[in-house]
file protein-v8.txt (compact mmCIF, C-alpha atoms)
# COMPACT_ATOMS: atom_id res chain seq x y z
CA MET V 1 -18.59 16.17 14.18
CA SER V 2 -18.67 12.83 12.35
CA SER V 3 -15.21 11.83 13.59
CA VAL V 4 -16.14 12.79 17.15
CA LEU V 5 -19.32 10.71 16.92
CA GLU V 6 -17.45 7.73 15.55
CA THR V 7 -15.09 7.66 18.52
CA PHE V 8 -17.68 8.69 21.08
CA GLY V 9 -20.29 6.14 19.97
CA ARG V 10 -18.16 3.19 21.06
CA ASP V 11 -18.50 4.09 24.75
CA PHE V 12 -21.94 5.69 24.76
CA GLY V 13 -24.82 3.53 25.97
CA GLY V 14 -27.65 5.83 24.98
CA ASP V 15 -29.05 7.01 21.65
CA ILE V 16 -27.35 9.33 19.19
CA ILE V 17 -29.95 11.02 17.00
CA GLU V 18 -28.70 12.72 13.84
CA PRO V 19 -30.60 14.74 11.20
CA ASP V 20 -31.21 11.69 9.01
CA GLY V 21 -32.64 9.64 11.90
CA ALA V 22 -36.30 8.69 12.25
CA ALA V 23 -36.54 10.26 15.72
CA TYR V 24 -34.90 13.54 14.73
CA GLU V 25 -38.06 15.52 14.03
CA SER V 26 -39.27 15.21 17.61
CA ALA V 27 -35.78 15.22 19.14
CA ARG V 28 -34.91 18.62 17.70
CA ARG V 29 -37.87 20.31 19.39
CA THR V 30 -38.64 21.40 22.92
CA ILE V 31 -42.04 22.41 24.30
CA LEU V 32 -41.50 26.04 23.29
CA ALA V 33 -38.76 26.02 20.64
CA SER V 34 -37.54 24.25 17.53
CA GLY V 35 -33.94 23.87 16.37
CA SER V 36 -31.70 21.98 13.97
CA PRO V 37 -28.91 20.48 16.09
CA ALA V 38 -26.13 18.41 14.53
CA ALA V 39 -26.77 15.65 17.05
CA VAL V 40 -28.98 14.87 20.03
CA PHE V 41 -27.52 12.60 22.71
CA ARG V 42 -29.90 10.69 25.01
CA PRO V 43 -27.76 9.17 27.77
CA GLU V 44 -28.93 6.17 29.77
CA THR V 45 -26.48 6.57 32.67
CA VAL V 46 -24.37 9.15 34.43
CA ALA V 47 -21.32 7.71 32.67
CA ASP V 48 -23.09 8.39 29.36
CA VAL V 49 -23.61 12.02 30.40
CA GLN V 50 -19.90 12.30 31.17
CA ALA V 51 -19.02 10.87 27.75
CA ALA V 52 -21.51 13.19 26.04
CA VAL V 53 -20.05 16.27 27.73
CA ARG V 54 -16.55 15.30 26.67
CA ALA V 55 -17.72 14.71 23.10
CA ALA V 56 -19.51 18.06 23.04
CA ALA V 57 -16.41 19.83 24.29
CA GLU V 58 -14.24 18.08 21.71
CA SER V 59 -16.60 18.96 18.88
CA GLY V 60 -16.31 22.69 19.55
CA LEU V 61 -20.00 23.10 18.79
CA ALA V 62 -22.61 24.90 20.88
CA LEU V 63 -24.08 22.77 23.66
CA SER V 64 -27.67 22.71 24.89
CA VAL V 65 -28.89 20.72 27.88
CA ARG V 66 -32.52 19.58 27.94
CA GLY V 67 -34.51 18.57 30.99
CA GLY V 68 -38.25 19.15 30.67
CA GLY V 69 -37.85 21.46 27.67
CA HIS V 70 -40.04 24.24 29.08
CA ALA V 71 -37.49 27.06 28.96
CA PHE V 72 -39.19 30.11 27.42
CA ALA V 73 -35.85 31.07 25.89
CA GLY V 74 -35.55 27.70 24.12
CA PHE V 75 -32.37 26.62 25.90
CA GLY V 76 -33.05 22.91 25.24
CA THR V 77 -32.20 23.03 21.54
CA ASN V 78 -30.01 24.94 19.08
CA ASP V 79 -28.99 25.18 15.43
CA GLY V 80 -25.91 23.23 14.36
CA GLY V 81 -24.80 22.25 17.84
CA VAL V 82 -25.12 19.37 20.30
CA VAL V 83 -28.08 18.65 22.59
CA ILE V 84 -27.79 16.43 25.67
CA ASP V 85 -31.30 15.22 26.50
CA LEU V 86 -31.69 13.94 30.08
CA SER V 87 -35.15 12.41 29.57
CA ARG V 88 -33.99 8.92 30.64
CA LEU V 89 -32.51 10.00 33.97
CA THR V 90 -35.83 10.08 35.79
CA GLU V 91 -35.46 8.00 38.94
CA VAL V 92 -37.28 9.17 42.08
CA GLU V 93 -36.14 7.37 45.24
CA VAL V 94 -36.74 7.98 48.94
CA ILE V 95 -33.25 7.32 50.30
CA ASP V 96 -33.89 8.27 53.94
CA GLU V 97 -37.48 7.80 55.15
CA GLU V 98 -36.79 9.20 58.60
CA ARG V 99 -35.31 12.47 57.30
CA HIS V 100 -37.52 12.51 54.16
CA ILE V 101 -34.51 12.72 51.84
CA VAL V 102 -35.41 12.04 48.20
CA ARG V 103 -33.00 11.53 45.30
CA ILE V 104 -34.34 12.69 41.93
CA GLY V 105 -32.77 12.24 38.50
CA GLY V 106 -31.88 15.37 36.58
CA GLY V 107 -34.28 14.51 33.76
CA ALA V 108 -37.35 13.85 35.91
CA MET V 109 -40.49 15.96 35.64
CA TRP V 110 -42.43 17.32 38.59
CA GLY V 111 -45.55 15.30 37.83
CA GLN V 112 -43.50 12.12 38.12
CA VAL V 113 -42.06 13.30 41.41
CA ALA V 114 -45.44 14.18 42.92
CA SER V 115 -46.89 10.80 41.93
CA ALA V 116 -43.89 8.87 43.22
CA LEU V 117 -43.89 10.62 46.59
CA ALA V 118 -47.65 10.46 47.20
CA PRO V 119 -47.62 6.85 48.54
CA PHE V 120 -45.07 7.99 51.17
CA GLY V 121 -47.24 10.95 52.21
CA LEU V 122 -44.51 13.32 51.02
CA ALA V 123 -44.27 16.26 48.64
CA ILE V 124 -41.89 18.95 47.42
CA SER V 125 -43.12 22.44 46.55
CA SER V 126 -42.27 22.51 42.89
CA GLY V 127 -43.89 24.91 40.47
CA ASP V 128 -47.35 24.35 39.05
CA THR V 129 -46.99 22.12 35.95
CA LYS V 130 -46.53 18.35 35.76
CA SER V 131 -44.35 18.34 32.64
CA VAL V 132 -41.85 20.95 33.83
CA GLY V 133 -38.40 19.48 34.46
CA VAL V 134 -36.98 19.21 37.96
CA GLY V 135 -33.60 20.55 36.85
CA GLY V 136 -34.60 23.69 34.99
CA LEU V 137 -37.11 24.81 37.60
CA THR V 138 -34.89 24.11 40.61
CA LEU V 139 -31.62 25.53 39.34
CA SER V 140 -33.15 28.99 38.88
CA GLY V 141 -35.65 29.07 41.76
CA GLY V 142 -38.86 27.08 41.96
CA ILE V 143 -41.89 29.17 42.93
CA GLY V 144 -44.47 26.51 43.69
CA TRP V 145 -47.80 25.94 45.39
CA LYS V 146 -46.28 25.70 48.87
CA VAL V 147 -43.66 28.39 48.44
CA ARG V 148 -44.77 30.54 51.39
CA LYS V 149 -44.58 27.57 53.78
CA TYR V 150 -41.59 25.62 52.47
CA GLY V 151 -39.69 28.12 50.33
CA LEU V 152 -38.40 27.74 46.81
CA ALA V 153 -37.68 24.32 45.36
CA LEU V 154 -33.96 25.15 45.57
CA ASP V 155 -34.31 25.92 49.29
CA ASN V 156 -35.08 22.23 49.84
CA VAL V 157 -32.04 20.90 47.95
CA VAL V 158 -29.43 19.39 50.28
CA ALA V 159 -27.07 18.00 47.64
CA ALA V 160 -26.57 17.73 43.90
CA GLU V 161 -24.33 15.65 41.66
CA LEU V 162 -23.26 17.27 38.43
CA VAL V 163 -21.01 16.60 35.48
CA THR V 164 -18.63 19.48 34.95
CA ALA V 165 -17.18 20.79 31.70
CA ALA V 166 -14.21 18.45 32.19
CA GLY V 167 -16.58 15.47 32.26
CA GLU V 168 -15.98 14.90 35.97
CA LEU V 169 -18.73 13.89 38.40
CA VAL V 170 -18.77 16.28 41.36
CA ARG V 171 -20.97 16.32 44.46
CA ALA V 172 -22.05 19.65 45.90
CA SER V 173 -23.54 20.13 49.37
CA ALA V 174 -23.01 22.25 52.46
CA ASP V 175 -19.99 20.06 53.29
CA GLU V 176 -18.66 19.18 49.84
CA ASN V 177 -17.76 21.93 47.38
CA PRO V 178 -19.90 24.44 49.30
CA GLU V 179 -19.27 27.33 46.92
CA LEU V 180 -20.50 25.24 44.00
CA PHE V 181 -23.51 24.26 46.12
CA TRP V 182 -24.22 27.95 46.67
CA GLY V 183 -24.01 28.62 42.92
CA VAL V 184 -26.12 25.66 41.81
CA ARG V 185 -29.01 26.97 43.92
CA GLY V 186 -30.01 29.85 41.68
CA GLY V 187 -27.19 30.01 39.14
CA GLY V 188 -29.03 27.99 36.51
CA GLY V 189 -27.17 25.53 34.30
CA ASN V 190 -23.93 27.52 34.29
CA PHE V 191 -21.70 25.03 36.10
CA GLY V 192 -22.50 21.65 34.61
CA ILE V 193 -25.25 19.11 34.10
CA VAL V 194 -27.00 18.13 37.31
CA VAL V 195 -27.64 14.41 37.02
CA SER V 196 -29.29 14.04 40.42
CA PHE V 197 -30.66 16.17 43.23
CA GLU V 198 -31.26 15.31 46.86
CA PHE V 199 -34.23 17.15 48.35
CA VAL V 200 -35.76 17.29 51.79
CA ALA V 201 -39.42 16.50 51.16
CA HIS V 202 -42.16 17.39 53.62
CA PRO V 203 -45.11 15.38 54.93
CA THR V 204 -48.29 16.28 53.10
CA THR V 205 -52.00 15.67 53.34
CA GLN V 206 -54.61 16.51 50.76
CA VAL V 207 -54.87 20.25 50.18
CA PHE V 208 -57.64 22.72 49.44
CA ALA V 209 -57.06 24.10 45.96
CA GLY V 210 -58.94 25.91 43.23
CA THR V 211 -59.89 29.31 41.84
CA ILE V 212 -62.03 32.12 43.23
CA ALA V 213 -63.08 34.56 40.49
CA PHE V 214 -64.35 38.14 40.56
CA PRO V 215 -65.66 40.53 37.87
CA ALA V 216 -63.06 42.49 35.92
CA ALA V 217 -64.67 45.73 37.10
CA GLU V 218 -63.59 44.88 40.67
CA ALA V 219 -59.94 44.24 39.78
CA ALA V 220 -58.48 47.21 41.66
CA VAL V 221 -60.22 46.47 44.94
CA VAL V 222 -59.69 42.71 44.73
CA LEU V 223 -55.99 42.82 43.89
CA GLN V 224 -55.12 45.43 46.50
CA GLY V 225 -57.08 43.57 49.15
CA TRP V 226 -55.55 40.24 48.11
CA ALA V 227 -52.00 41.55 48.42
CA GLU V 228 -52.72 43.20 51.76
CA PHE V 229 -54.29 40.02 53.16
CA LEU V 230 -51.32 37.87 52.12
CA ARG V 231 -49.04 39.90 54.37
CA THR V 232 -50.69 38.33 57.42
CA ALA V 233 -52.30 35.22 55.93
CA PRO V 234 -51.27 31.76 57.18
CA GLU V 235 -48.11 30.61 55.44
CA GLY V 236 -49.95 27.45 54.45
CA LEU V 237 -51.77 29.60 51.90
CA THR V 238 -50.04 30.24 48.58
CA SER V 239 -51.88 32.21 45.93
CA THR V 240 -51.56 33.69 42.46
CA ALA V 241 -53.76 36.16 40.62
CA ASP V 242 -54.31 36.77 36.93
CA LEU V 243 -56.27 39.19 34.81
CA ALA V 244 -56.75 40.18 31.18
CA ASN V 245 -56.66 36.52 30.13
CA PRO V 246 -57.04 36.70 26.32
CA PHE V 247 -58.76 33.30 26.28
CA ALA V 248 -61.42 34.47 28.76
CA GLY V 249 -62.33 37.88 27.44
CA GLY V 250 -59.17 39.96 27.57
CA PRO V 251 -60.00 43.21 29.43
CA ASP V 252 -63.37 41.73 30.43
CA ALA V 253 -61.89 38.49 31.76
CA PRO V 254 -62.55 37.74 35.43
CA VAL V 255 -59.90 38.39 38.03
CA SER V 256 -58.91 34.85 38.97
CA ILE V 257 -57.38 34.20 42.38
CA HIS V 258 -55.81 30.74 42.42
CA VAL V 259 -55.22 29.26 45.86
CA VAL V 260 -53.65 26.25 47.54
CA PHE V 261 -54.05 25.87 51.28
CA ASP V 262 -51.73 23.25 52.74
CA SER V 263 -54.12 21.39 55.03
CA ASP V 264 -57.03 18.98 54.83
CA ASP V 265 -58.82 20.69 57.73
CA PRO V 266 -61.95 22.41 56.36
CA GLU V 267 -62.24 24.78 59.33
CA LEU V 268 -58.67 26.02 58.92
CA ALA V 269 -59.19 26.29 55.17
CA GLY V 270 -62.28 28.40 55.70
CA ARG V 271 -60.40 30.80 57.96
CA ALA V 272 -57.61 31.10 55.40
CA LEU V 273 -59.79 31.48 52.30
CA ASP V 274 -62.92 33.31 53.41
CA PRO V 275 -61.10 36.67 53.64
CA ILE V 276 -60.34 36.31 49.92
CA ARG V 277 -63.96 35.49 49.15
CA ARG V 278 -65.00 38.69 50.94
CA LEU V 279 -62.85 40.89 48.70
CA GLY V 280 -65.58 41.32 46.10
CA THR V 281 -68.43 39.68 44.21
CA VAL V 282 -67.56 36.01 43.80
CA ILE V 283 -68.70 34.80 40.37
CA ALA V 284 -67.01 31.39 40.52
CA ASP V 285 -65.47 29.26 43.27
CA ASP V 286 -64.27 25.71 42.66
CA VAL V 287 -61.97 25.29 45.66
CA ALA V 288 -62.04 21.66 46.78
CA LEU V 289 -60.02 19.12 48.71
CA LYS V 290 -57.65 17.21 46.42
CA PRO V 291 -54.30 15.39 46.42
CA TYR V 292 -51.31 17.72 46.20
CA ALA V 293 -50.27 16.06 42.92
CA ASP V 294 -53.57 17.20 41.38
CA THR V 295 -52.69 20.86 41.94
CA LEU V 296 -50.11 20.55 39.16
CA ALA V 297 -51.49 21.36 35.71
CA LYS V 298 -50.87 19.05 32.77
CA GLY V 299 -49.31 21.77 30.66
CA ALA V 300 -49.76 22.18 26.93
CA THR V 301 -47.55 22.40 23.88
CA PRO V 302 -48.34 25.48 21.77
CA PRO V 303 -49.26 24.76 18.14
CA LEU V 304 -46.50 25.15 15.57
CA GLY V 305 -46.07 28.75 14.56
CA ILE V 306 -47.14 30.18 17.90
CA ARG V 307 -44.57 32.36 19.68
CA LEU V 308 -44.53 33.58 23.26
CA ILE V 309 -42.94 36.62 24.84
CA THR V 310 -42.75 36.29 28.60
CA ARG V 311 -41.22 38.85 30.95
CA SER V 312 -41.04 38.98 34.73
CA ALA V 313 -39.94 41.15 37.62
CA PHE V 314 -40.12 41.30 41.40
CA VAL V 315 -42.14 43.70 43.50
CA TYR V 316 -40.91 44.82 46.91
CA PRO V 317 -43.33 45.80 49.69
CA GLU V 318 -43.05 49.54 49.22
CA SER V 319 -44.11 49.29 45.55
CA VAL V 320 -46.94 46.76 45.73
CA SER V 321 -49.83 49.23 45.63
CA GLU V 322 -48.42 51.20 42.70
CA VAL V 323 -47.61 48.11 40.65
CA LEU V 324 -51.02 46.52 41.17
CA GLN V 325 -52.79 49.73 40.15
CA THR V 326 -50.63 49.88 37.02
CA LEU V 327 -51.55 46.27 36.16
CA VAL V 328 -55.24 47.06 36.60
CA ASP V 329 -54.91 50.05 34.26
CA VAL V 330 -53.00 47.99 31.68
CA GLY V 331 -55.41 45.05 31.95
CA SER V 332 -58.40 47.23 31.12
CA ALA V 333 -57.03 48.01 27.65
CA ALA V 334 -57.95 45.90 24.63
CA ALA V 335 -54.31 45.24 23.72
CA SER V 336 -53.25 44.14 27.20
CA PRO V 337 -50.90 41.19 27.58
CA PHE V 338 -51.91 38.35 29.88
CA LEU V 339 -51.03 39.50 33.42
CA ALA V 340 -50.16 37.27 36.37
CA VAL V 341 -49.03 37.97 39.92
CA ARG V 342 -47.48 35.34 42.22
CA SER V 343 -47.25 35.61 45.99
CA LEU V 344 -43.91 35.23 47.75
CA GLY V 345 -42.83 36.11 51.28
CA GLY V 346 -43.07 33.66 54.16
CA ALA V 347 -40.38 30.99 54.06
CA VAL V 348 -38.72 32.55 51.00
CA ALA V 349 -38.01 35.77 52.87
CA ARG V 350 -36.57 34.02 55.92
CA VAL V 351 -33.53 32.81 53.96
CA PRO V 352 -30.62 35.29 54.05
CA ASP V 353 -30.11 37.21 50.81
CA ASP V 354 -26.66 35.71 50.19
CA ALA V 355 -27.42 32.13 51.26
CA THR V 356 -28.10 31.06 47.66
CA ALA V 357 -27.63 32.57 44.21
CA TYR V 358 -31.36 33.37 44.09
CA ALA V 359 -31.10 36.99 45.16
CA HIS V 360 -34.62 38.42 45.51
CA ARG V 361 -35.61 37.22 48.97
CA ARG V 362 -37.39 40.36 50.21
CA ALA V 363 -39.72 40.59 47.20
CA GLU V 364 -43.38 40.28 48.12
CA LEU V 365 -44.70 39.50 44.64
CA MET V 366 -43.49 38.39 41.24
CA ILE V 367 -45.28 39.73 38.16
CA VAL V 368 -45.37 38.11 34.72
CA THR V 369 -46.62 39.36 31.35
CA THR V 370 -47.19 37.04 28.40
CA VAL V 371 -48.04 37.71 24.77
CA ALA V 372 -48.73 34.73 22.51
CA GLY V 373 -49.64 34.31 18.88
CA PRO V 374 -48.24 33.96 15.36
CA GLU V 375 -44.99 35.80 14.61
CA GLN V 376 -46.67 38.83 13.07
CA VAL V 377 -49.11 39.20 15.96
CA VAL V 378 -46.38 38.98 18.58
CA GLU V 379 -44.17 41.49 16.76
CA ALA V 380 -47.07 43.89 16.38
CA ALA V 381 -47.67 43.68 20.13
CA ARG V 382 -44.05 44.32 21.08
CA PRO V 383 -44.17 48.17 21.16
CA GLY V 384 -47.20 48.08 23.44
CA LEU V 385 -45.52 45.52 25.69
CA ASP V 386 -42.40 47.68 25.90
CA ALA V 387 -44.60 50.62 26.90
CA VAL V 388 -46.16 48.54 29.70
CA TRP V 389 -42.75 47.67 31.08
CA ALA V 390 -41.61 51.28 30.79
CA ARG V 391 -44.48 52.19 33.13
CA LEU V 392 -43.58 49.38 35.52
CA ALA V 393 -39.81 49.96 35.49
CA PRO V 394 -39.63 52.55 38.30
CA HIS V 395 -41.54 50.25 40.65
CA VAL V 396 -40.13 46.76 39.99
CA ASP V 397 -36.74 45.13 40.33
CA GLY V 398 -34.80 42.21 38.90
CA ALA V 399 -36.20 39.29 36.92
CA TYR V 400 -37.06 35.63 37.49
CA ALA V 401 -35.05 33.46 35.12
CA ASN V 402 -37.77 30.83 34.73
CA PHE V 403 -40.15 33.40 33.20
CA LEU V 404 -38.02 35.12 30.58
CA THR V 405 -38.14 34.57 26.84
CA SER V 406 -34.91 36.47 26.23
CA ALA V 407 -31.38 35.94 27.55
CA THR V 408 -29.59 39.23 26.95
CA ASP V 409 -26.84 40.65 29.15
CA GLU V 410 -29.47 43.00 30.52
CA ASP V 411 -31.63 40.02 31.51
CA VAL V 412 -28.71 38.28 33.20
CA HIS V 413 -27.85 41.34 35.25
CA ALA V 414 -31.50 41.71 36.26
CA ILE V 415 -31.53 38.12 37.50
CA TYR V 416 -28.23 38.48 39.36
CA PRO V 417 -27.38 41.69 41.26
CA PRO V 418 -23.70 42.78 41.00
CA ALA V 419 -22.39 41.01 44.11
CA THR V 420 -24.20 37.78 43.21
CA TYR V 421 -22.94 37.94 39.63
CA ARG V 422 -19.32 38.43 40.71
CA ARG V 423 -19.49 35.45 43.03
CA LEU V 424 -21.11 33.29 40.34
CA ALA V 425 -18.44 34.33 37.83
CA ALA V 426 -15.75 33.12 40.22
CA VAL V 427 -17.48 29.73 40.59
CA LYS V 428 -17.88 29.59 36.81
CA ARG V 429 -14.16 30.20 36.31
CA ARG V 430 -13.35 27.21 38.49
CA TYR V 431 -15.80 24.69 37.00
CA ASP V 432 -16.34 25.91 33.42
CA PRO V 433 -13.47 28.22 32.46
CA GLU V 434 -14.14 27.88 28.70
CA ASN V 435 -17.87 28.54 29.10
CA LEU V 436 -18.97 25.24 27.57
CA PHE V 437 -22.30 25.61 29.40
CA ALA V 438 -23.34 28.87 27.76
CA GLY V 439 -26.85 27.86 26.65
CA ASN V 440 -28.59 29.55 29.56
CA HIS V 441 -28.82 32.93 31.24
CA ASN V 442 -25.10 32.93 30.97
CA VAL V 443 -22.63 33.98 33.60
CA ARG V 444 -19.24 34.37 31.95
CA PRO V 445 -16.14 33.11 33.76
CA ALA V 446 -14.51 35.86 35.80
call {"tool": "encode", "arguments": {"input": "protein-v8.txt", "output": "structure tokens"}}
result
Amino acid sequence: MSSVLETFGRDFGGDIIEPDGAAYESARRTILASGSPAAVFRPETVADVQAAVRAAAESGLALSVRGGGHAFAGFGTNDGGVVIDLSRLTEVEVIDEERHIVRIGGGAMWGQVASALAPFGLAISSGDTKSVGVGGLTLSGGIGWKVRKYGLALDNVVAAELVTAAGELVRASADENPELFWGVRGGGGNFGIVVSFEFVAHPTTQVFAGTIAFPAAEAAVVLQGWAEFLRTAPEGLTSTADLANPFAGGPDAPVSIHVVFDSDDPELAGRALDPIRRLGTVIADDVALKPYADTLAKGATPPLGIRLITRSAFVYPESVSEVLQTLVDVGSAAASPFLAVRSLGGAVARVPDDATAYAHRRAELMIVTTVAGPEQVVEAARPGLDAVWARLAPHVDGAYANFLTSATDEDVHAIYPPATYRRLAAVKRRYDPENLFAGNHNVRPA
């Protein structure tokens, strides 16, 4: 590696952080993982990214690409390999005001994007956390607070520029390299490093957002009614539900229905939200008018020594009732994981199944379980968690890459159904035949 760095450093305009460097301790970590890479490259320009990719390929070491660093599986770092950290490629620029086209650097975070677009009266539906990276979220989906009205984050991408394994800069859009464009929208980081995205943003006003909470004892009625209402609710309403929150009482924690209604009209908001309020006994309600950017949470870095196990799956309409009842049963037990349910449908379901590499268009809900704690606590909880998923297995399908701690072959084939996987593998063979970009939910070259 030292000889590679010596040659590479002459043409690299960013920082090269090695184990003996002052910045190494922070550079080796992501939000959710810690590693011991041989070197961390922080490019300043696209040309620097190209040089870094070539150096990584020449070194023969494992390569990790870091955007926001929120990957549950810890993809943004490694042991003994190379990390390319995109944290300086953060530009956000409205390049076509009439068509609302926005160019965003591959290292930007969604909080930066929301703040930069607010003066233009624009927004992009983009997850729910300010510090999550644009790249990681978008490349695998992007289930955000306006998902039912505007679709996934990747549904609003109209072009991307990426550096391939050969160090070449390639543009992908409906007209240029269309098969790569298909694969980038859902195929994760398998084909290269996306250094910029072009999104179609949408005009936005302030939105009504907040949480409506109900007693744990009413979970069954509230959740079933919530899911039923969302089938006919205005698409401007996006909602998530959680229960068994260990920080709010575990099995006694309130059922929290989080809502964002995409309008500043109080009468319309009342019509959209009052049916939820009538589902049970409201014990808290803080829904208020606020800027869209304020719907994104700050996010938090877990203390050292805390591990997370996060699993996800999709729920199709015919299984919704059974799955929700199972979650209520699980959530009433003292050892329950944290349970969350996210609403889909609407604009997501109107996109054809094969239009992008995100393959779960007809799903009505996405469920997530999370266990957190010190190593010994998490390992002790694993058998119980496996039992929960064994109960759910007959009624759920697939997995959402952005909410998975593991990256096994089984996970990859849950994310990508067989036809999608085969098509991705063909794209992979063309742009990354040696599988340089393997630090992800990896699709191997066909």
call {"tool": "closest_residue", "arguments": {"input": "protein-v8.txt", "among": "V:Ile101, V:Ala219, V:Glu176, V:Gly106", "to": "Val157 (chain V)", "atoms": "only C-alpha atoms"}}
result
V:Ile101
call {"tool": "residues_around", "arguments": {"input": "protein-v8.txt", "residues": "Thr204 (chain V)", "least_positions_apart": "5", "cutoff": "10 Å", "atoms": "only C-alpha atoms", "output": "NGL selection string"}}
result
:V and (117-118 or 120-124 or 262-264 or 291-292)
call {"tool": "closest_residue", "arguments": {"input": "protein-v8.txt", "among": "V:Arg10, V:His202, V:Arg382, V:Lys146", "to": "Val94 (chain V)", "atoms": "only C-alpha atoms"}}
result
V:His202
call {"tool": "atom_distance", "arguments": {"input": "protein-v8.txt", "atom1": "CA of Ser321 (chain V)", "atom2": "CA of Ala227 (chain V)"}}
result
8.5 Å
call {"tool": "residues_around", "arguments": {"input": "protein-v8.txt", "residues": "Leu308 (chain V)", "least_positions_apart": "6", "cutoff": "8 Å", "atoms": "all atoms listed in the file", "output": "VMD selection string"}}
result
chain V and resid 72 370 to 373 378 405
call {"tool": "atom_distance", "arguments": {"input": "protein-v8.txt", "atom1": "CA of Ala381 (chain V)", "atom2": "CA of Gly136 (chain V)"}}
result
28.1 Å
call {"tool": "closest_residue", "arguments": {"input": "protein-v8.txt", "among": "V:Pro394, V:Glu375, V:Asp79, V:Val388", "to": "Val315 (chain V)", "atoms": "all atoms listed in the file"}}
result
V:Pro394
call {"tool": "closest_residue", "arguments": {"input": "protein-v8.txt", "among": "V:Val53, V:Leu304, V:Val46, V:Ala209", "to": "Glu161 (chain V)", "atoms": "all atoms listed in the file"}}
result
V:Val46
call {"tool": "residues_near_point", "arguments": {"input": "protein-v8.txt", "point": "(-36.2, 11.1, 36.5)", "cutoff": "9 Å", "atoms": "all atoms listed in the file", "output": "ChimeraX atom specification"}}
result
/V:86-92,104-109,112-113,133-134,196
call {"tool": "closest_residue", "arguments": {"input": "protein-v8.txt", "among": "V:Leu324, V:Ile212, V:Val184, V:Ile95", "to": "Asp286 (chain V)", "atoms": "all atoms listed in the file"}}
result
V:Ile212
call {"tool": "axis_aligned_box", "arguments": {"input": "protein-v8.txt", "around": "region 178-193 of chain V", "padding_each_side": "8 Å", "output": "lines of an AutoDock Vina configuration file"}}
result
center_x = -24.6
center_y = 24.6
center_z = 41.7
size_x = 26.7
size_y = 26.9
size_z = 31.2
call {"tool": "residues_around", "arguments": {"input": "protein-v8.txt", "residues": "Asp96 (chain V)", "least_positions_apart": "5", "cutoff": "12 Å", "atoms": "all atoms listed in the file", "output": "list in words"}}
result
Ile101, Val102, Arg103, Phe120, Glu198, Phe199, Val200 and Ala201 of chain V
call {"tool": "atom_distance", "arguments": {"input": "protein-v8.txt", "atom1": "CA of Asp20 (chain V)", "atom2": "CA of Val65 (chain V)"}}
result
21.0 Å
call {"tool": "closest_residue", "arguments": {"input": "protein-v8.txt", "among": "V:Ala38, V:Glu25, V:Gly192, V:Val259", "to": "Pro433 (chain V)", "atoms": "all atoms listed in the file"}}
result
V:Gly192
call {"tool": "residues_around", "arguments": {"input": "protein-v8.txt", "residues": "Asp409 (chain V)", "least_positions_apart": "2", "cutoff": "12 Å", "atoms": "only C-alpha atoms", "output": "ChimeraX atom specification"}}
result
/V:406-407,411-416,421,440-444
call {"tool": "write_last_selection", "arguments": {"input": "protein-v8.txt", "atoms": "C-alpha atoms", "output": "compact mmCIF listing (two decimals), in the frame of the given file"}}
result
# COMPACT_ATOMS: atom_id res chain seq x y z
CA SER V 406 -34.91 36.47 26.23
CA ALA V 407 -31.38 35.94 27.55
CA ASP V 411 -31.63 40.02 31.51
CA VAL V 412 -28.71 38.28 33.20
CA HIS V 413 -27.85 41.34 35.25
CA ALA V 414 -31.50 41.71 36.26
CA ILE V 415 -31.53 38.12 37.50
CA TYR V 416 -28.23 38.48 39.36
CA TYR V 421 -22.94 37.94 39.63
CA ASN V 440 -28.59 29.55 29.56
CA HIS V 441 -28.82 32.93 31.24
CA ASN V 442 -25.10 32.93 30.97
CA VAL V 443 -22.63 33.98 33.60
CA ARG V 444 -19.24 34.37 31.95
call {"tool": "decode", "arguments": {"input": "protein-v8.txt", "residues": "region 336-359 of chain V", "atoms": "C-alpha atoms", "output": "CSV table (one decimal), in the first residue's frame"}}
result
chain,number,residue,atom,x,y,z
V,336,SER,CA,-40.0,-7.4,22.4
V,337,PRO,CA,-37.7,-5.6,19.9
V,338,PHE,CA,-38.5,-2.1,18.9
V,339,LEU,CA,-41.2,-2.4,16.2
V,340,ALA,CA,-41.9,0.1,13.4
V,341,VAL,CA,-44.2,0.1,10.4
V,342,ARG,CA,-43.9,2.5,7.5
V,343,SER,CA,-46.6,3.3,5.0
V,344,LEU,CA,-46.1,2.8,1.3
V,345,GLY,CA,-48.5,2.7,-1.7
V,346,GLY,CA,-49.6,5.8,-3.6
V,347,ALA,CA,-46.9,7.0,-5.9
V,348,VAL,CA,-44.6,4.1,-5.1
V,349,ALA,CA,-47.1,1.6,-6.4
V,350,ARG,CA,-47.7,3.5,-9.7
V,351,VAL,CA,-44.2,2.8,-10.9
V,352,PRO,CA,-44.0,-0.5,-12.9
V,353,ASP,CA,-42.2,-3.3,-11.1
V,354,ASP,CA,-39.3,-3.5,-13.5
V,355,ALA,CA,-38.9,0.3,-14.1
V,356,THR,CA,-36.1,0.4,-11.5
V,357,ALA,CA,-34.0,-2.1,-9.5
V,358,TYR,CA,-36.2,-1.4,-6.4
V,359,ALA,CA,-38.5,-4.4,-6.8
